>>> print(open('final-v1.json').read())   # JSON, C-alpha atoms
[["chain", "number", "residue", "atom", "x", "y", "z"],
["A", 1, "MET", "CA", -45.05, 11.21, -12.54],
["A", 2, "THR", "CA", -44.56, 11.93, -16.14],
["A", 3, "ALA", "CA", -42.76, 9.60, -18.50],
["A", 4, "LYS", "CA", -40.04, 12.21, -19.01],
["A", 5, "ARG", "CA", -39.40, 12.46, -15.26],
["A", 6, "ILE", "CA", -39.23, 8.66, -14.95],
["A", 7, "GLU", "CA", -36.75, 8.54, -17.82],
["A", 8, "GLU", "CA", -34.59, 11.22, -16.13],
["A", 9, "LEU", "CA", -34.61, 9.25, -12.88],
["A", 10, "GLU", "CA", -33.65, 6.03, -14.70],
["A", 11, "ILE", "CA", -30.76, 7.84, -16.38],
["A", 12, "LEU", "CA", -29.65, 9.21, -13.03],
["A", 13, "ILE", "CA", -29.79, 5.73, -11.48],
["A", 14, "MET", "CA", -27.69, 4.32, -14.34],
["A", 15, "GLN", "CA", -25.10, 7.07, -13.86],
["A", 16, "HIS", "CA", -24.96, 6.31, -10.15],
["A", 17, "GLU", "CA", -24.53, 2.61, -10.83],
["A", 18, "ASP", "CA", -21.67, 3.35, -13.24],
["A", 19, "ALA", "CA", -20.01, 5.60, -10.66],
["A", 20, "ILE", "CA", -20.36, 2.93, -7.96],
["A", 21, "GLU", "CA", -18.87, 0.26, -10.24],
["A", 22, "SER", "CA", -15.98, 2.57, -11.13],
["A", 23, "LEU", "CA", -15.29, 3.34, -7.47],
["A", 24, "SER", "CA", -15.47, -0.35, -6.60],
["A", 25, "ALA", "CA", -12.95, -1.22, -9.31],
["A", 26, "THR", "CA", -10.64, 1.55, -8.11],
["A", 27, "MET", "CA", -10.85, 0.33, -4.53],
["A", 28, "HIS", "CA", -10.08, -3.22, -5.67],
["A", 29, "ARG", "CA", -6.98, -2.07, -7.57],
["A", 30, "GLN", "CA", -5.84, -0.02, -4.57],
["A", 31, "GLN", "CA", -6.29, -2.99, -2.24],
["A", 32, "LEU", "CA", -4.19, -5.18, -4.53],
["A", 33, "HIS", "CA", -1.52, -2.46, -4.62],
["A", 34, "ILE", "CA", -1.56, -2.14, -0.82],
["A", 35, "GLU", "CA", -1.13, -5.91, -0.46],
["A", 36, "LYS", "CA", 1.79, -5.85, -2.90],
["A", 37, "LEU", "CA", 3.44, -2.97, -1.02],
["A", 38, "ASP", "CA", 2.88, -4.76, 2.29],
["A", 39, "LYS", "CA", 4.67, -7.86, 0.98],
["A", 40, "MET", "CA", 7.53, -5.71, -0.33],
["A", 41, "LEU", "CA", 7.84, -3.95, 3.03],
["A", 42, "SER", "CA", 7.96, -7.26, 4.88],
["A", 43, "THR", "CA", 10.66, -8.54, 2.52],
["A", 44, "LEU", "CA", 12.71, -5.37, 2.89],
["A", 45, "ALA", "CA", 12.38, -5.44, 6.68],
["A", 46, "LEU", "CA", 13.61, -9.04, 6.74],
["A", 47, "GLN", "CA", 16.54, -8.19, 4.44],
["A", 48, "PHE", "CA", 17.43, -5.19, 6.60],
["A", 49, "LYS", "CA", 17.32, -7.30, 9.76],
["A", 50, "THR", "CA", 19.53, -9.93, 8.12],
["A", 51, "LEU", "CA", 22.02, -7.28, 7.02],
["A", 52, "GLN", "CA", 22.18, -5.85, 10.53],
["A", 53, "GLU", "CA", 22.87, -9.28, 12.00],
["A", 54, "GLU", "CA", 25.61, -10.00, 9.43],
["A", 55, "SER", "CA", 27.19, -6.56, 9.68],
["A", 56, "ALA", "CA", 30.95, -6.44, 10.16],
["A", 57, "VAL", "CA", 30.63, -3.27, 12.21],
["A", 58, "LYS", "CA", 30.49, -3.91, 15.92],
["A", 59, "PRO", "CA", 28.20, -1.92, 18.19],
["A", 60, "GLN", "CA", 29.83, 1.14, 19.78],
["A", 61, "GLU", "CA", 30.07, -0.60, 23.17],
["A", 62, "GLU", "CA", 32.12, -3.46, 21.70],
["A", 63, "GLU", "CA", 34.54, -1.30, 19.70],
["A", 64, "VAL", "CA", 38.12, -1.19, 20.98],
["A", 65, "PRO", "CA", 39.72, 2.24, 20.80],
["A", 66, "PRO", "CA", 42.59, 2.65, 18.33],
["A", 67, "PRO", "CA", 46.12, 2.13, 19.73],
["A", 68, "HIS", "CA", 47.06, 5.82, 19.65],
["A", 69, "TYR", "CA", 44.60, 6.68, 22.45]]
>>> encode(input="final-v1.json", output="structure tokens")
Amino acid sequence: MTAKRIEELEILIMQHEDAIESLSATMHRQQLHIEKLDKMLSTLALQFKTLQEESAVKPQEEEVPPPHY
């Protein structure tokens, strides 16, 4: 192999390493974002469940028809 070809291969390897590092950092940020969204979803689900339990509206089966019926 010529010195020029070796240099080209080294440059190519460095570019690949940079791309891999960039992809790894992106994946890490996405994972953190997914974890944050998962926590938010759990919190919202709990709040929704609490609101349903505290709701002043009775289920349809328990509702008494109005007097004019």
>>> atom_distance(input="final-v1.json", atom1="CA of His16 (chain A)", atom2="CA of Glu35 (chain A)")
28.5 Å
>>> atom_distance(input="final-v1.json", atom1="CA of Leu46 (chain A)", atom2="CA of Ile34 (chain A)")
18.3 Å
>>> axis_aligned_box(input="final-v1.json", around="region 33-42 of chain A", padding_each_side="4 Å", output="JSON")
{"center_x": 3.2, "center_y": -5.0, "center_z": 0.1, "size_x": 17.5, "size_y": 13.7, "size_z": 17.5}
